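First comes the structure, then the notes that go with it.
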Amino acid sequence: MSFLLQSIFNGLLAGCIYALFAMGLTLIYGVLNFVNFAHGELIMWGAYFLYLFMGTPFGFPLPIALIPALFFTILLGIGMDRFAFKPIRQANRLTLLIAALGLSFLLRNGAQLFWGAELRTYGFEIKRGWRILNMSITINQMAIIITTLICIVIVYLLFHRSKLGKSMRAVSDNLELARVSGINTKKAIQFAWILSSALACVGGILLALDTNLQPGMGLINLVKAFAATLLGGVGNLWGALLGGIIIGLAENLGVLVISTGYKDAIAFGIMVILLLLRPPILYGTQE
Amino acid sequence: MKKIYYSLFILIGVSLILSPTAKAQETYKVGAAIALSGSIAVYGEGFKKAIDLAAEEINGKGGMKGKKIEIVYEDNKSTPKDCVTAVRKLITVDKVPVIIGPAASSNFMATAPVAQESKVVMLSAQGAAPALTKAGEYIFRVFPSDVLQGKGISDLCLQLKYMEVPIMYVNNDWGLGLKNVFVENFKKAGGKVTDEIPYDEKKTDYRTELIRATKGNPKAVVNLTYIVEGSVMFKQAYEMGINTQWICGSAAKAPKLVELAGKTVEGIIGTYPVFSQETKEYQAFRALWTKKYGDAKIPIFGEYNYDMVILIGKAIEKGGYTSDGIRKALFEVAKGYRGVTGDKTFDQDRGVGSEYGVWTVKDGQIIDYKK
């Protein structure tokens, strides 16, 4: 029983992380109508920026190092748009996709050049988890769940209560219509990048806290997030959230039945089935 | 137009100067397609140190027939695809007759047919998959096959009275090969394998696999893992409060594992091919290492890499600088040769034998296990 509970808990944890990534991914899709395959590298660089500011020569403690890490990840996100995507904004989607893939390689190898391919950790002491209901839960894992909840609340408030969020939703609905209605679309796009990068940074740091840092960490999780995005309906923020959690749960519960060698295959299996079936509930309305 | 002609001339001139055929060959080049980046670069760095040390040793003693050995490194980026590219480059561009092959059995086995087809000798100093040298007569290994180690792990479980164990393994040629040998031997001896859990390399989260492996609280779990995957797993197992006796193979026996995973690897045990550290060959090697690198932290498989390069040097000296010469001479020079890692006589499968010992981690040190 505790075995099942623990699996569900682990699934939720993985789901939270996927959801954070999927929300960022879907945000950019909603506004700019393309899949940013370099989003995984924002995740990775976010985690590495924190590593940078916590290590020598800075040596900041975690809460302080968070600030420059967030700042630089957002800067990287905006830079990405400014120098890679903006010049080809009007190009077809394939061009954008290839640009994103190229950027992803560049950033990943860049990190490898800087920090090497080896595994790194933030160097916190490893502690036994608490036992709750016969499950083991670590402090980092609690942080993941709480932070994800906070992020969701913030995103919700921004989207539904602020003018900027509303204009972003308008842009995401129809860019041209939004523009003629007098909405500052440039500002909305920039805001989407800021939010997307911030979510990636937070998610990446949480992931690295719970596991490790590695230049390839963004890539594998991005593909999962992509599956979550599809599951939730591309461009649908709350769908992405739900999709992430479903993928996380499916992966963790799936291997109880089938061989663990196929763990990653589960997410992709779901993705393929969805693409083939395209159930109308998922592809109905856009947020 | 003139400009184009000029630049063409310059280009041709430069390529002539840089062309390797333009100058007389002053050294005997030996290719090394090792991992300098990618997931197993953590091993590659140590191999390079050991290889350099051996090359220096050969050159310090006057080289081979008066010529020096030169190691041409080519990064294999830790992936089978790039390993093949690296080996192809060494064969076609550098035209070396002998290559130090990539680490990780999967990577090595991806490149072995390429070397075999081109009739270039390739050696492995750490590949343990039973089928490693199957590609043909140009492929050698100075490291013992897992057929021996699989039996070693099975014997260890029986000796410690763990009759029912689940087995976790890295899902590649090495892990699968070793797992199969283990399961076969263990079952034959009356043991029961409760579950088989393959897992992928390079992941950051192995909790699901760990949960599945420790279902029903087994007293011991066999885990055929590498350094990086092992360090992630043992950390997560510790956080999850898993209490079991971990039994590993040789690939995890490294100071780096302890460095990455800290106290969480205390008490794990594993088998590894042993060679006596009391021999004069080992003592001499250790002294050389300390002299060159300032400490006695010999990396995993370092001794095997050293022996391999020394053997290559001897083979070039005896058989000449051609691949067929080296291939034939390798058997002769290795016969009865006592290297740092013991007797290096090649058997009919171009592999070597070994004995197996048991290691454990105690107080952050890797030591021999004593019951």
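In the structure tokens, chains take letters A, B, ... by order of appearance, with residues numbered from 1 within each chain and ligands from 1 in the order shown.
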*Near Lys81 in chain B, within 9 Å and counting only C-alpha atoms, which residues show up once chain neighbours fewer than 4 positions away are dropped, as a list in words?*
Asn76, Lys77, Thr85, Ala86, Asn107, Ala110 and Thr111 of chain B
*Counting only C-alpha atoms, collect the residues of chain A whose closest atom lies at most 6 Å from chain B, and write them out as an MDAnalysis selection string.*
chainID A and resid 117 127:129 136 211 252 260:261
Those residues you just picked out, can you put them in a file as an mmCIF file, in the first residue's frame with C-alpha atoms?
data_model
loop_
_atom_site.group_PDB
_atom_site.id
_atom_site.type_symbol
_atom_site.label_atom_id
_atom_site.label_comp_id
_atom_site.auth_asym_id
_atom_site.auth_seq_id
_atom_site.Cartn_x
_atom_site.Cartn_y
_atom_site.Cartn_z
ATOM 1 C CA ALA A 117 29.401 17.323 -18.901
ATOM 2 C CA LYS A 127 19.140 13.958 4.572
ATOM 3 C CA ARG A 128 16.773 11.118 5.131
ATOM 4 C CA GLY A 129 13.239 12.035 4.173
ATOM 5 C CA SER A 136 9.323 9.159 2.381
ATOM 6 C CA THR A 211 18.067 15.548 -8.319
ATOM 7 C CA ASN A 252 5.305 6.497 -12.208
ATOM 8 C CA THR A 260 11.057 0.182 -15.968
ATOM 9 C CA GLY A 261 13.087 0.131 -19.162
#
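In terms of minimum interatomic distance to Thr345 in chain B, B:Arg141 ranks closest within B:Val181, B:Asp363, B:Gln245, B:Arg141, counting only C-alpha atoms.
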Per residue of range 258-309 of chain B within 8 Å of range 50-67 of chain B, what are the shortest atom pair and its distance in Å to one decimal, counting only C-alpha atoms, with rows by chain and residue number, as CSV?
residue,atom,partner,partner_atom,distance
B:Leu288,CA,B:Leu53,CA,7.9
B:Trp289,CA,B:Leu53,CA,7.3
B:Lys292,CA,B:Leu53,CA,7.6
B:Gly302,CA,B:Ala50,CA,5.3
B:Glu303,CA,B:Ala50,CA,7.1
B:Asn305,CA,B:Ile51,CA,6.0
B:Tyr306,CA,B:Ala54,CA,5.3
B:Asp307,CA,B:Ala54,CA,7.7
B:Val309,CA,B:Ala54,CA,6.0
*Compile the contact shell of Leu133 in chain A as an MDAnalysis selection string: residues with an atom at most 12 Å away, counting only C-alpha atoms, same-chain residues fewer than 5 positions apart removed.*
chainID A and resid 1:6 9
*Separation of CA of Leu97 in chain A and CA of Phe191 in chain A, in Å?*
21.0 Å
*strand (DSSP E or B) residues, from DSSP on the backbone, in range 111-271 of chain A, as a list in words*: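 Matching residues for strand (DSSP E or B) in range 111-271 of chain A are Arg120, Trp130, Arg131, Ile132, Met135, Ser136, Ile137 and Leu213 of chain A.
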*Pick out the residues sitting within 12 Å of Gly190 in chain B, and hand them over as a ChimeraX atom specification; count only C-alpha atoms, and ignore anything fewer than 6 positions along from it in its own chain.*
/B:154-155,157-158,161-165,183-184
*Please provide as a PyMOL selection string all residues within 12 Å of Ile67 in chain A, with the sequence filter that same-chain residues fewer than 4 positions apart are discarded (counting only C-alpha atoms).*
chain A and resi 46+49-50+53-54+60-63+71-74+198+201-202
Please save C-alpha atoms of the selected residues as an mmCIF file, in the first residue's frame.
data_model
loop_
_atom_site.group_PDB
_atom_site.id
_atom_site.type_symbol
_atom_site.label_atom_id
_atom_site.label_comp_id
_atom_site.auth_asym_id
_atom_site.auth_seq_id
_atom_site.Cartn_x
_atom_site.Cartn_y
_atom_site.Cartn_z
ATOM 1 C CA GLY A 46 18.270 28.565 -14.770
ATOM 2 C CA PHE A 49 22.840 30.159 -12.928
ATOM 3 C CA LEU A 50 21.894 29.351 -9.369
ATOM 4 C CA PHE A 53 25.933 32.314 -7.880
ATOM 5 C CA MET A 54 26.075 29.838 -5.027
ATOM 6 C CA PHE A 60 25.607 33.596 -1.997
ATOM 7 C CA PRO A 61 23.193 31.592 0.120
ATOM 8 C CA LEU A 62 20.279 30.044 -1.743
ATOM 9 C CA PRO A 63 17.610 32.738 -1.226
ATOM 10 C CA PHE A 71 17.239 37.767 -13.503
ATOM 11 C CA PHE A 72 19.770 36.166 -15.844
ATOM 12 C CA THR A 73 17.401 33.423 -16.965
ATOM 13 C CA ILE A 74 14.808 36.033 -17.865
ATOM 14 C CA ALA A 198 10.845 32.651 -14.880
ATOM 15 C CA CYS A 201 14.158 28.918 -14.030
ATOM 16 C CA VAL A 202 12.074 28.022 -10.988
#
_Every residue of range 21-143 of chain A that DSSP places in helix (DSSP H, G or I), as a ChimeraX atom specification_ = /A:21-32,39-54,62-88,93-115,139-143
*asked:* Taking 6 positions as the minimum chain separation for residues in the same chain, which residues sit within 12 Å of range 104-112 of chain A when counting only C-alpha atoms? Answer as number ranges by chain.
replied: A: 36-49, 51-52, 76-77, 80, 84, 97-98, 118-120, 213-219, 222; B: 36-39, 41, 77
*Quick one: of A:Leu27, A:Ala170, A:Leu199, A:Met135, who's nearest to Asn10 in chain A, counting only C-alpha atoms?*
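Using only C-alpha atoms, Asn10 in chain A sits closest to A:Met135.
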